[in-house]
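For reference, target.cif is printed below; it contains mmCIF, C-alpha atoms.
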```cif
data_model
#
loop_
_atom_site.label_atom_id
_atom_site.label_comp_id
_atom_site.auth_asym_id
_atom_site.auth_seq_id
_atom_site.Cartn_x
_atom_site.Cartn_y
_atom_site.Cartn_z
CA ALA Y 100 -13.24 -20.21 -5.82
CA GLN Y 101 -10.09 -19.40 -3.91
CA SER Y 102 -9.69 -21.66 -0.91
CA VAL Y 103 -7.25 -23.33 1.45
CA THR Y 104 -7.81 -26.91 2.54
CA GLN Y 105 -6.25 -28.75 5.43
CA PRO Y 106 -7.48 -32.32 5.05
CA ASP Y 107 -6.46 -33.51 8.50
CA ILE Y 108 -8.47 -32.21 11.43
CA HIS Y 109 -6.39 -33.99 14.06
CA ILE Y 110 -3.05 -35.77 13.93
CA THR Y 111 -1.33 -37.71 16.70
CA VAL Y 112 2.38 -38.48 16.56
CA SER Y 113 4.89 -39.84 19.02
CA GLU Y 114 7.55 -37.59 20.44
CA GLY Y 115 10.65 -37.86 18.28
CA ALA Y 116 8.73 -38.99 15.21
CA SER Y 117 8.58 -37.03 12.00
CA LEU Y 118 5.63 -34.86 11.12
CA GLU Y 119 3.94 -33.75 7.93
CA LEU Y 120 0.85 -31.53 7.89
CA ARG Y 121 -0.94 -31.15 4.61
CA CYS Y 122 -2.18 -27.99 2.96
CA ASN Y 123 -3.70 -27.53 -0.47
CA TYR Y 124 -4.97 -24.40 -2.16
CA SER Y 125 -7.26 -23.62 -5.02
CA TYR Y 126 -6.20 -20.67 -7.17
CA GLY Y 127 -5.33 -19.92 -10.78
CA ALA Y 128 -1.89 -18.65 -9.90
CA THR Y 129 0.63 -19.09 -7.12
CA PRO Y 130 -0.54 -17.36 -3.94
CA TYR Y 131 1.59 -16.22 -1.07
CA LEU Y 132 1.54 -19.09 1.43
CA PHE Y 133 1.92 -19.15 5.20
CA TRP Y 134 1.93 -21.54 8.12
CA TYR Y 135 0.91 -20.36 11.58
CA VAL Y 136 0.93 -22.13 14.93
CA GLN Y 137 -1.51 -21.50 17.75
CA SER Y 138 -0.56 -22.81 21.15
CA PRO Y 139 -3.38 -23.35 23.66
CA GLY Y 140 -4.80 -20.03 24.85
CA GLN Y 141 -2.48 -18.04 22.62
CA GLY Y 142 -2.70 -16.06 19.45
CA LEU Y 143 -1.25 -17.21 16.15
CA GLN Y 144 2.47 -17.10 15.47
CA LEU Y 145 4.01 -17.16 12.00
CA LEU Y 146 6.16 -20.25 11.38
CA LEU Y 147 7.19 -19.60 7.80
CA LYS Y 148 6.06 -18.13 4.51
CA TYR Y 149 6.56 -18.65 0.79
CA PHE Y 150 6.31 -15.97 -1.85
CA SER Y 151 8.56 -17.19 -4.66
CA GLY Y 152 11.94 -18.74 -5.34
CA ASP Y 153 13.27 -21.78 -3.55
CA THR Y 154 10.36 -24.13 -2.99
CA LEU Y 155 11.74 -25.46 0.30
CA VAL Y 156 11.27 -22.87 3.00
CA GLN Y 157 12.83 -22.96 6.45
CA GLY Y 158 10.98 -21.53 9.41
CA ILE Y 159 11.24 -21.14 13.13
CA LYS Y 160 11.20 -23.96 15.71
CA GLY Y 161 12.79 -26.40 13.24
CA PHE Y 162 9.87 -26.45 10.79
CA GLU Y 163 10.11 -26.41 7.03
CA ALA Y 164 7.58 -26.44 4.22
CA GLU Y 165 7.74 -27.41 0.58
CA PHE Y 166 5.75 -25.72 -2.14
CA LYS Y 167 4.70 -27.99 -4.99
CA ARG Y 168 3.03 -26.15 -7.82
CA SER Y 169 1.93 -29.32 -9.61
CA GLN Y 170 0.02 -30.45 -6.54
CA SER Y 171 -1.10 -26.99 -5.35
CA SER Y 172 0.33 -27.95 -2.00
CA PHE Y 173 2.37 -26.40 0.76
CA ASN Y 174 2.98 -29.13 3.32
CA LEU Y 175 4.63 -28.45 6.66
CA ARG Y 176 7.27 -30.84 7.98
CA LYS Y 177 9.44 -31.40 11.01
CA PRO Y 178 11.96 -34.24 11.26
CA SER Y 179 11.49 -34.87 14.99
CA VAL Y 180 8.64 -33.44 17.05
CA HIS Y 181 8.89 -32.33 20.65
CA TRP Y 182 6.10 -32.33 23.23
CA SER Y 183 6.07 -28.53 22.99
CA ASP Y 184 4.97 -28.76 19.35
CA ALA Y 185 1.48 -29.80 20.45
CA ALA Y 186 -0.72 -27.02 19.10
CA GLU Y 187 -3.06 -26.14 16.29
CA TYR Y 188 -1.52 -25.37 12.92
CA PHE Y 189 -3.08 -23.18 10.28
CA CYS Y 190 -2.17 -22.87 6.65
CA ALA Y 191 -3.08 -19.57 5.04
CA ALA Y 192 -2.85 -17.98 1.63
CA TYR Y 193 -2.96 -14.50 0.17
CA PHE Y 194 -4.81 -14.49 -3.13
CA GLY Y 195 -4.35 -10.81 -3.88
CA ASN Y 196 -7.72 -9.85 -2.42
CA GLU Y 197 -6.62 -7.78 0.58
CA LYS Y 198 -6.95 -10.60 3.11
CA LEU Y 199 -5.49 -13.83 4.30
CA THR Y 200 -7.60 -16.93 3.70
CA PHE Y 201 -7.08 -19.53 6.41
CA GLY Y 202 -7.56 -23.26 6.35
CA THR Y 203 -9.63 -24.90 9.05
CA GLY Y 204 -6.59 -25.97 11.04
CA THR Y 205 -4.95 -29.24 12.09
CA ARG Y 206 -4.69 -30.08 15.77
CA LEU Y 207 -1.46 -31.85 16.64
CA THR Y 208 -1.24 -34.13 19.66
CA ILE Y 209 2.12 -35.51 20.81
CA ILE Y 210 2.25 -38.76 22.74
CA PRO Y 211 5.25 -39.71 24.87
CA ASN P 1251 7.14 -4.04 23.69
CA ALA P 1252 3.85 -5.55 24.79
CA GLY P 1253 2.99 -6.40 21.17
CA VAL P 1254 -0.74 -6.78 20.51
CA THR P 1255 -2.93 -6.75 23.58
CA GLN P 1256 -6.62 -7.58 23.81
CA THR P 1257 -9.13 -7.09 26.58
CA PRO P 1258 -11.08 -8.75 28.01
CA LYS P 1259 -9.84 -12.34 27.76
CA PHE P 1260 -13.30 -13.76 28.40
CA GLN P 1261 -16.78 -12.26 28.20
CA VAL P 1262 -20.32 -13.55 28.53
CA LEU P 1263 -23.12 -11.45 27.09
CA LYS P 1264 -26.85 -11.81 26.89
CA THR P 1265 -28.55 -11.53 23.52
CA GLY P 1266 -29.09 -7.90 22.64
CA GLN P 1267 -26.36 -6.50 24.85
CA SER P 1268 -23.60 -4.38 23.40
CA MET P 1269 -19.92 -4.35 24.16
CA THR P 1270 -16.54 -3.31 22.84
CA LEU P 1271 -13.57 -5.58 22.44
CA GLN P 1272 -10.36 -3.65 22.90
CA CYS P 1273 -7.20 -4.07 20.85
CA ALA P 1274 -3.99 -2.12 21.16
CA GLN P 1275 -0.51 -2.42 19.70
CA ASP P 1276 2.69 -0.59 20.56
CA MET P 1277 4.68 -1.40 17.42
CA ASN P 1278 3.54 1.62 15.39
CA HIS P 1279 1.84 -0.68 12.91
CA GLU P 1280 -0.39 0.92 10.30
CA TYR P 1281 -2.43 -2.16 9.44
CA MET P 1282 -4.76 -3.71 12.00
CA SER P 1283 -7.47 -6.29 11.64
CA TRP P 1284 -10.06 -8.32 13.48
CA TYR P 1285 -10.73 -12.01 12.92
CA ARG P 1286 -13.16 -14.45 14.40
CA GLN P 1287 -12.26 -18.08 14.90
CA ASP P 1288 -14.97 -20.72 14.86
CA PRO P 1289 -14.55 -24.48 15.11
CA GLY P 1290 -14.01 -26.07 11.73
CA MET P 1291 -13.90 -22.71 9.95
CA GLY P 1292 -10.44 -21.30 10.55
CA LEU P 1293 -10.11 -17.55 10.94
CA ARG P 1294 -12.32 -15.15 9.05
CA LEU P 1295 -11.66 -11.47 8.58
CA ILE P 1296 -14.27 -9.13 10.11
CA HIS P 1297 -12.86 -5.63 9.56
CA TYR P 1298 -9.50 -4.09 8.88
CA SER P 1299 -7.79 -0.72 8.93
CA VAL P 1300 -4.84 0.53 6.89
CA GLY P 1301 -4.26 3.53 9.12
CA ALA P 1302 -5.84 5.96 11.54
CA GLY P 1303 -9.20 7.13 10.24
CA ILE P 1304 -9.46 4.40 7.58
CA THR P 1305 -11.43 1.19 8.00
CA ASP P 1306 -12.95 -1.34 5.65
CA GLN P 1307 -15.05 -4.48 5.77
CA GLY P 1308 -13.72 -8.00 5.64
CA GLU P 1309 -15.67 -11.12 4.73
CA VAL P 1310 -17.97 -11.28 7.79
CA PRO P 1311 -18.63 -7.65 8.88
CA ASN P 1312 -22.34 -7.84 9.73
CA GLY P 1313 -23.13 -7.07 13.36
CA TYR P 1314 -19.77 -5.42 14.03
CA ASN P 1315 -18.49 -1.87 13.92
CA VAL P 1316 -14.95 -0.55 14.09
CA SER P 1317 -13.19 2.76 14.24
CA ARG P 1318 -9.54 3.79 14.20
CA SER P 1319 -8.97 7.13 15.87
CA THR P 1320 -5.32 6.41 16.73
CA THR P 1321 -2.59 4.25 15.27
CA GLU P 1322 -2.42 2.20 18.46
CA ASP P 1323 -6.06 1.26 19.06
CA PHE P 1324 -8.62 -0.63 17.00
CA PRO P 1325 -11.74 -1.47 19.02
CA LEU P 1326 -14.43 -3.83 17.77
CA ARG P 1327 -18.00 -3.04 18.76
CA LEU P 1328 -20.90 -5.45 18.93
CA LEU P 1329 -24.03 -3.32 18.82
CA SER P 1330 -26.59 -6.01 19.67
CA ALA P 1331 -25.02 -9.34 20.47
CA ALA P 1332 -26.46 -12.52 18.97
CA PRO P 1333 -25.68 -16.17 19.79
CA SER P 1334 -24.13 -16.48 16.32
CA GLN P 1335 -21.42 -14.11 17.50
CA THR P 1336 -20.18 -16.62 20.06
CA SER P 1337 -16.59 -17.06 18.96
CA VAL P 1338 -12.97 -16.35 19.72
CA TYR P 1339 -11.88 -12.96 18.43
CA PHE P 1340 -8.34 -12.15 17.42
CA CYS P 1341 -6.83 -8.79 16.68
CA ALA P 1342 -3.74 -8.59 14.48
CA SER P 1343 -1.40 -5.88 13.31
CA SER P 1344 1.41 -5.43 10.79
CA TYR P 1345 3.48 -2.64 9.30
CA GLY P 1346 1.33 -2.51 6.19
CA ARG P 1347 -1.34 -4.26 4.17
CA ASP P 1348 1.25 -5.94 1.95
CA PRO P 1349 1.30 -9.66 2.83
CA SER P 1350 5.08 -9.62 2.99
CA TYR P 1351 4.72 -7.92 6.36
CA GLU P 1352 4.27 -10.38 9.19
CA GLN P 1353 1.00 -10.15 11.06
CA TYR P 1354 1.24 -10.22 14.84
CA PHE P 1355 -1.75 -11.64 16.66
CA GLY P 1356 -3.11 -10.86 20.09
CA PRO P 1357 -4.01 -13.62 22.57
CA GLY P 1358 -7.72 -13.48 21.75
CA THR P 1359 -11.02 -12.76 23.46
CA ARG P 1360 -13.40 -15.65 24.03
CA LEU P 1361 -16.97 -14.36 23.76
CA THR P 1362 -20.09 -16.29 24.64
CA VAL P 1363 -23.54 -14.89 23.85
CA THR P 1364 -26.44 -16.58 25.61
#
```
Would you write the structure of this file as structure tokens?
Amino acid sequence: AQSVTQPDIHITVSEGASLELRCNYSYGATPYLFWYVQSPGQGLQLLLKYFSGDTLVQGIKGFEAEFKRSQSSFNLRKPSVHWSDAAEYFCAAYFGNEKLTFGTGTRLTIIP
Amino acid sequence: NAGVTQTPKFQVLKTGQSMTLQCAQDMNHEYMSWYRQDPGMGLRLIHYSVGAGITDQGEVPNGYNVSRSTTEDFPLRLLSAAPSQTSVYFCASSYGRDPSYEQYFGPGTRLTVT
């Protein structure tokens, strides 16, 4: 079955530390892949997307993600987090079935 | 541009009551959709529309109705609310159904059914 998995429900990192959020998908081909961020009380905002080509994708707010076909992964990274990055992050995929399939989300807490 | 707006922000209903969640966008987007967000389940698609007069079901359509009489508006109706419909509801819009078009999300409506 087509699915998106975010193994980490909650991650805590110190301000200034690096960040990596994991995302894996299950699909027989390469889907379109997305990362969204949801700040408290807000809707979702697109951080970046991957369709094809260069497997390292740059997004907004200093985020990047790397697609690895061999691992069916699309992990989100940031070299140095800021307190304003505290939010919930969703990985999503388009499997060609007219809808986005979302992962369950990873809540990011930043400690000073 | 106001983007995607949703009203109300919060709502409490009793079981069996009906209500309409409003969604509007001012970006002339053809594609609009409704999602529900539940803890530990991510977002799930309820209904979507590819243009005025055209709607279709998503993965969790039961208990919800939609219509699309204008490009701007896409209301979601709960005919007889049930506690299982307690959730946060998001409306989204984009230029088209192609996933290359960015989806813009509204701020959400938090619904509690008692």
Q.
Using only C-alpha atoms and a cut-off of 10 Å, which residues of chain Y sit close to chain P? Please list them as a ChimeraX atom specification.
A. /Y:103,105,108,131-133,137-145,147-150,189-195,197-205
Q) What gap, in Å, lies between atom CA of Val1338 of chain P and atom CA of Asp1306 of chain P? A) 20.6 Å
Q.
Which residues, named as in the file, does the PyMOL selection byres ((chain P and resi 1328) around 12) pick out? Answer as an NGL selection string.
A. :P and (1263-1272 or 1296 or 1311-1316 or 1325-1327 or 1329-1336 or 1339 or 1361 or 1363)
Grab the residues selected above and save them as a short mmCIF file (atom, residue, chain, number, x, y, z; two decimals), in the frame of the given file with C-alpha atoms.
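Saved result, result06.cif, follows:
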```cif
data_model
loop_
_atom_site.label_atom_id
_atom_site.label_comp_id
_atom_site.auth_asym_id
_atom_site.auth_seq_id
_atom_site.Cartn_x
_atom_site.Cartn_y
_atom_site.Cartn_z
CA LEU P 1263 -23.12 -11.45 27.09
CA LYS P 1264 -26.85 -11.81 26.89
CA THR P 1265 -28.55 -11.53 23.52
CA GLY P 1266 -29.09 -7.90 22.64
CA GLN P 1267 -26.36 -6.50 24.85
CA SER P 1268 -23.60 -4.38 23.40
CA MET P 1269 -19.92 -4.35 24.16
CA THR P 1270 -16.54 -3.31 22.84
CA LEU P 1271 -13.57 -5.58 22.44
CA GLN P 1272 -10.36 -3.65 22.90
CA ILE P 1296 -14.27 -9.13 10.11
CA PRO P 1311 -18.63 -7.65 8.88
CA ASN P 1312 -22.34 -7.84 9.73
CA GLY P 1313 -23.13 -7.07 13.36
CA TYR P 1314 -19.77 -5.42 14.03
CA ASN P 1315 -18.49 -1.87 13.92
CA VAL P 1316 -14.95 -0.55 14.09
CA PRO P 1325 -11.74 -1.47 19.02
CA LEU P 1326 -14.43 -3.83 17.77
CA ARG P 1327 -18.00 -3.04 18.76
CA LEU P 1329 -24.03 -3.32 18.82
CA SER P 1330 -26.59 -6.01 19.67
CA ALA P 1331 -25.02 -9.34 20.47
CA ALA P 1332 -26.46 -12.52 18.97
CA PRO P 1333 -25.68 -16.17 19.79
CA SER P 1334 -24.13 -16.48 16.32
CA GLN P 1335 -21.42 -14.11 17.50
CA THR P 1336 -20.18 -16.62 20.06
CA TYR P 1339 -11.88 -12.96 18.43
CA LEU P 1361 -16.97 -14.36 23.76
CA VAL P 1363 -23.54 -14.89 23.85
#
```
Q: Pick out the residues sitting within 9 Å of Thr1320 of chain P, and hand them over as a PyMOL selection string; count all atoms listed in the file, and ignore anything fewer than 2 positions along from it in its own chain.
A: chain P and resi 1301-1303+1318+1322-1324
Centre and edges of the segment 197-211 of chain Y box, axis-aligned, 3 Å extra per side, as AutoDock Vina command-line options:
```
--center_x -2.2 --center_y -23.7 --center_z 12.7 --size_x 20.9 --size_y 37.9 --size_z 30.3
```
Which residues come within 10 Å of Ala1252 of chain P, counting all atoms listed in the file, excluding same-chain residues fewer than 4 positions away, as a PDB file with C-alpha atoms, in the frame of the given file?
```pdb
ATOM      1  CA  ALA P1274      -3.990  -2.120  21.160  1.00  0.00           C
ATOM      2  CA  GLN P1275      -0.510  -2.420  19.700  1.00  0.00           C
ATOM      3  CA  ASP P1276       2.690  -0.590  20.560  1.00  0.00           C
ATOM      4  CA  MET P1277       4.680  -1.400  17.420  1.00  0.00           C
ATOM      5  CA  GLY P1356      -3.110 -10.860  20.090  1.00  0.00           C
TER       6      GLY P1356
END
```
Q: Taking the file as shown, find all residues satisfying the PyMOL selection byres ((chain Y and resi 185) around 7) and write them as a PyMOL selection string.
A: chain Y and resi 182-184+186+207-209
Q: Fewer than 5 positions away in the same chain doesn't count, so skip those; otherwise give me all residues within 6 Å of Asn123 of chain Y, counting all atoms listed in the file, as a list of chain:residue names.
A: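 So the residues in contact are Y:Val103, Y:Thr104, Y:Ser171, Y:Ser172.
Our summary of the geometry notes that atom CA of Ile159 of chain Y is positioned 13.7 Å from atom CA of His181 of chain Y.
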(Q) To one decimal place in Å, what is the distance between atom CA of Ser179 of chain Y and atom CA of Cys122 of chain Y? (A)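 Taking atom CA of Ser179 of chain Y as the start and atom CA of Cys122 of chain Y as the end point, the length is 19.5 Å.
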**Q.** Expected answer as a PyMOL selection string: all residues with atoms within 9 Å of (10.0, -41.0, 18.1), all atoms listed in the file
**A.** chain Y and resi 112-117+179-180+211
Q: Evaluate the PyMOL selection byres ((chain Y and resi 176) around 9) on the structure here and hand back the selected residues as a list in words.
A: Ser117, Leu118, Glu119, Leu120, Arg121, Gly161, Phe162, Glu163, Ala164, Glu165, Asn174, Leu175, Lys177 and Pro178 of chain Y
(Q) Using only C-alpha atoms for the distances, tell me which of P:Ser1337, P:Ser1317, P:Thr1362, P:Gln1261 is nearest to Met1282 of chain P. (A)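 Closest to Met1282 of chain P of all the choices is P:Ser1317.
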Q) Between P:Glu1280, P:Ile1304, P:Tyr1351, P:Ser1343, which one has atoms that come closest to Gln1256 of chain P, using all atoms listed in the file? A)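 Distance minimum relative to Gln1256 of chain P lands on P:Ser1343.
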Since the input has fewer atoms than a full residue there, write segment 119-145 of chain Y out with N, CA, C and O atoms, as a PDB file, in the coordinates of the input.
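Dumped to part01.pdb:
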```
ATOM      1  N   GLU Y 119       4.296 -34.471   9.133  1.00  0.00           N
ATOM      2  CA  GLU Y 119       3.940 -33.750   7.930  1.00  0.00           C
ATOM      3  C   GLU Y 119       2.480 -33.352   8.019  1.00  0.00           C
ATOM      4  O   GLU Y 119       1.606 -34.204   8.202  1.00  0.00           O
ATOM      5  N   LEU Y 120       2.212 -32.063   7.900  1.00  0.00           N
ATOM      6  CA  LEU Y 120       0.850 -31.530   7.890  1.00  0.00           C
ATOM      7  C   LEU Y 120       0.557 -31.045   6.476  1.00  0.00           C
ATOM      8  O   LEU Y 120       1.341 -30.310   5.886  1.00  0.00           O
ATOM      9  N   ARG Y 121      -0.614 -31.433   5.995  1.00  0.00           N
ATOM     10  CA  ARG Y 121      -0.940 -31.150   4.610  1.00  0.00           C
ATOM     11  C   ARG Y 121      -1.727 -29.860   4.440  1.00  0.00           C
ATOM     12  O   ARG Y 121      -2.556 -29.513   5.295  1.00  0.00           O
ATOM     13  N   CYS Y 122      -1.462 -29.205   3.322  1.00  0.00           N
ATOM     14  CA  CYS Y 122      -2.180 -27.990   2.960  1.00  0.00           C
ATOM     15  C   CYS Y 122      -2.288 -27.933   1.448  1.00  0.00           C
ATOM     16  O   CYS Y 122      -1.269 -28.072   0.747  1.00  0.00           O
ATOM     17  N   ASN Y 123      -3.488 -27.724   0.956  1.00  0.00           N
ATOM     18  CA  ASN Y 123      -3.700 -27.530  -0.470  1.00  0.00           C
ATOM     19  C   ASN Y 123      -4.463 -26.232  -0.697  1.00  0.00           C
ATOM     20  O   ASN Y 123      -5.241 -25.805   0.155  1.00  0.00           O
ATOM     21  N   TYR Y 124      -4.266 -25.635  -1.850  1.00  0.00           N
ATOM     22  CA  TYR Y 124      -4.970 -24.400  -2.160  1.00  0.00           C
ATOM     23  C   TYR Y 124      -5.601 -24.532  -3.545  1.00  0.00           C
ATOM     24  O   TYR Y 124      -5.187 -25.351  -4.364  1.00  0.00           O
ATOM     25  N   SER Y 125      -6.602 -23.691  -3.736  1.00  0.00           N
ATOM     26  CA  SER Y 125      -7.260 -23.620  -5.020  1.00  0.00           C
ATOM     27  C   SER Y 125      -7.163 -22.191  -5.518  1.00  0.00           C
ATOM     28  O   SER Y 125      -7.700 -21.260  -4.889  1.00  0.00           O
ATOM     29  N   TYR Y 126      -6.438 -22.019  -6.638  1.00  0.00           N
ATOM     30  CA  TYR Y 126      -6.200 -20.670  -7.170  1.00  0.00           C
ATOM     31  C   TYR Y 126      -5.598 -20.819  -8.541  1.00  0.00           C
ATOM     32  O   TYR Y 126      -4.896 -21.785  -8.822  1.00  0.00           O
ATOM     33  N   GLY Y 127      -5.849 -19.851  -9.411  1.00  0.00           N
ATOM     34  CA  GLY Y 127      -5.330 -19.920 -10.780  1.00  0.00           C
ATOM     35  C   GLY Y 127      -3.875 -19.550 -10.926  1.00  0.00           C
ATOM     36  O   GLY Y 127      -3.301 -19.730 -12.001  1.00  0.00           O
ATOM     37  N   ALA Y 128      -3.303 -19.035  -9.874  1.00  0.00           N
ATOM     38  CA  ALA Y 128      -1.890 -18.650  -9.900  1.00  0.00           C
ATOM     39  C   ALA Y 128      -1.250 -19.118  -8.589  1.00  0.00           C
ATOM     40  O   ALA Y 128      -1.880 -19.828  -7.813  1.00  0.00           O
ATOM     41  N   THR Y 129      -0.028 -18.723  -8.370  1.00  0.00           N
ATOM     42  CA  THR Y 129       0.630 -19.090  -7.120  1.00  0.00           C
ATOM     43  C   THR Y 129       0.372 -18.005  -6.075  1.00  0.00           C
ATOM     44  O   THR Y 129       0.758 -16.851  -6.270  1.00  0.00           O
ATOM     45  N   PRO Y 130      -0.298 -18.367  -4.993  1.00  0.00           N
ATOM     46  CA  PRO Y 130      -0.540 -17.360  -3.940  1.00  0.00           C
ATOM     47  C   PRO Y 130       0.685 -17.233  -3.042  1.00  0.00           C
ATOM     48  O   PRO Y 130       1.624 -18.015  -3.153  1.00  0.00           O
ATOM     49  N   TYR Y 131       0.640 -16.252  -2.171  1.00  0.00           N
ATOM     50  CA  TYR Y 131       1.590 -16.220  -1.070  1.00  0.00           C
ATOM     51  C   TYR Y 131       1.069 -17.225  -0.038  1.00  0.00           C
ATOM     52  O   TYR Y 131      -0.128 -17.268   0.245  1.00  0.00           O
ATOM     53  N   LEU Y 132       1.948 -18.001   0.546  1.00  0.00           N
ATOM     54  CA  LEU Y 132       1.540 -19.090   1.430  1.00  0.00           C
ATOM     55  C   LEU Y 132       2.207 -18.960   2.798  1.00  0.00           C
ATOM     56  O   LEU Y 132       3.372 -18.553   2.886  1.00  0.00           O
ATOM     57  N   PHE Y 133       1.463 -19.321   3.823  1.00  0.00           N
ATOM     58  CA  PHE Y 133       1.920 -19.150   5.200  1.00  0.00           C
ATOM     59  C   PHE Y 133       1.526 -20.362   6.032  1.00  0.00           C
ATOM     60  O   PHE Y 133       0.512 -21.011   5.777  1.00  0.00           O
ATOM     61  N   TRP Y 134       2.309 -20.620   7.053  1.00  0.00           N
ATOM     62  CA  TRP Y 134       1.930 -21.540   8.120  1.00  0.00           C
ATOM     63  C   TRP Y 134       2.031 -20.798   9.453  1.00  0.00           C
ATOM     64  O   TRP Y 134       3.039 -20.141   9.739  1.00  0.00           O
ATOM     65  N   TYR Y 135       0.949 -20.932  10.244  1.00  0.00           N
ATOM     66  CA  TYR Y 135       0.910 -20.360  11.580  1.00  0.00           C
ATOM     67  C   TYR Y 135       0.704 -21.470  12.601  1.00  0.00           C
ATOM     68  O   TYR Y 135       0.084 -22.496  12.303  1.00  0.00           O
ATOM     69  N   VAL Y 136       1.168 -21.206  13.826  1.00  0.00           N
ATOM     70  CA  VAL Y 136       0.930 -22.130  14.930  1.00  0.00           C
ATOM     71  C   VAL Y 136       0.194 -21.378  16.036  1.00  0.00           C
ATOM     72  O   VAL Y 136       0.461 -20.192  16.289  1.00  0.00           O
ATOM     73  N   GLN Y 137      -0.758 -22.069  16.634  1.00  0.00           N
ATOM     74  CA  GLN Y 137      -1.510 -21.500  17.750  1.00  0.00           C
ATOM     75  C   GLN Y 137      -1.399 -22.439  18.935  1.00  0.00           C
ATOM     76  O   GLN Y 137      -1.999 -23.516  18.943  1.00  0.00           O
ATOM     77  N   SER Y 138      -0.651 -22.031  19.928  1.00  0.00           N
ATOM     78  CA  SER Y 138      -0.560 -22.810  21.150  1.00  0.00           C
ATOM     79  C   SER Y 138      -1.799 -22.564  21.996  1.00  0.00           C
ATOM     80  O   SER Y 138      -2.445 -21.512  21.846  1.00  0.00           O
ATOM     81  N   PRO Y 139      -2.148 -23.481  22.879  1.00  0.00           N
ATOM     82  CA  PRO Y 139      -3.380 -23.350  23.660  1.00  0.00           C
ATOM     83  C   PRO Y 139      -3.457 -21.999  24.378  1.00  0.00           C
ATOM     84  O   PRO Y 139      -2.530 -21.594  25.074  1.00  0.00           O
ATOM     85  N   GLY Y 140      -4.573 -21.312  24.182  1.00  0.00           N
ATOM     86  CA  GLY Y 140      -4.800 -20.030  24.850  1.00  0.00           C
ATOM     87  C   GLY Y 140      -3.999 -18.877  24.304  1.00  0.00           C
ATOM     88  O   GLY Y 140      -4.007 -17.787  24.885  1.00  0.00           O
ATOM     89  N   GLN Y 141      -3.322 -19.097  23.194  1.00  0.00           N
ATOM     90  CA  GLN Y 141      -2.480 -18.040  22.620  1.00  0.00           C
ATOM     91  C   GLN Y 141      -2.988 -17.596  21.261  1.00  0.00           C
ATOM     92  O   GLN Y 141      -3.840 -18.244  20.646  1.00  0.00           O
ATOM     93  N   GLY Y 142      -2.431 -16.491  20.805  1.00  0.00           N
ATOM     94  CA  GLY Y 142      -2.700 -16.060  19.450  1.00  0.00           C
ATOM     95  C   GLY Y 142      -1.872 -16.843  18.450  1.00  0.00           C
ATOM     96  O   GLY Y 142      -1.126 -17.761  18.819  1.00  0.00           O
ATOM     97  N   LEU Y 143      -1.982 -16.510  17.186  1.00  0.00           N
ATOM     98  CA  LEU Y 143      -1.250 -17.210  16.150  1.00  0.00           C
ATOM     99  C   LEU Y 143       0.153 -16.633  16.001  1.00  0.00           C
ATOM    100  O   LEU Y 143       0.363 -15.422  16.128  1.00  0.00           O
ATOM    101  N   GLN Y 144       1.102 -17.515  15.699  1.00  0.00           N
ATOM    102  CA  GLN Y 144       2.470 -17.100  15.470  1.00  0.00           C
ATOM    103  C   GLN Y 144       2.913 -17.622  14.108  1.00  0.00           C
ATOM    104  O   GLN Y 144       2.683 -18.792  13.774  1.00  0.00           O
ATOM    105  N   LEU Y 145       3.549 -16.778  13.328  1.00  0.00           N
ATOM    106  CA  LEU Y 145       4.010 -17.160  12.000  1.00  0.00           C
ATOM    107  C   LEU Y 145       5.182 -18.122  12.100  1.00  0.00           C
ATOM    108  O   LEU Y 145       6.182 -17.827  12.761  1.00  0.00           O
TER     109      LEU Y 145
END
```
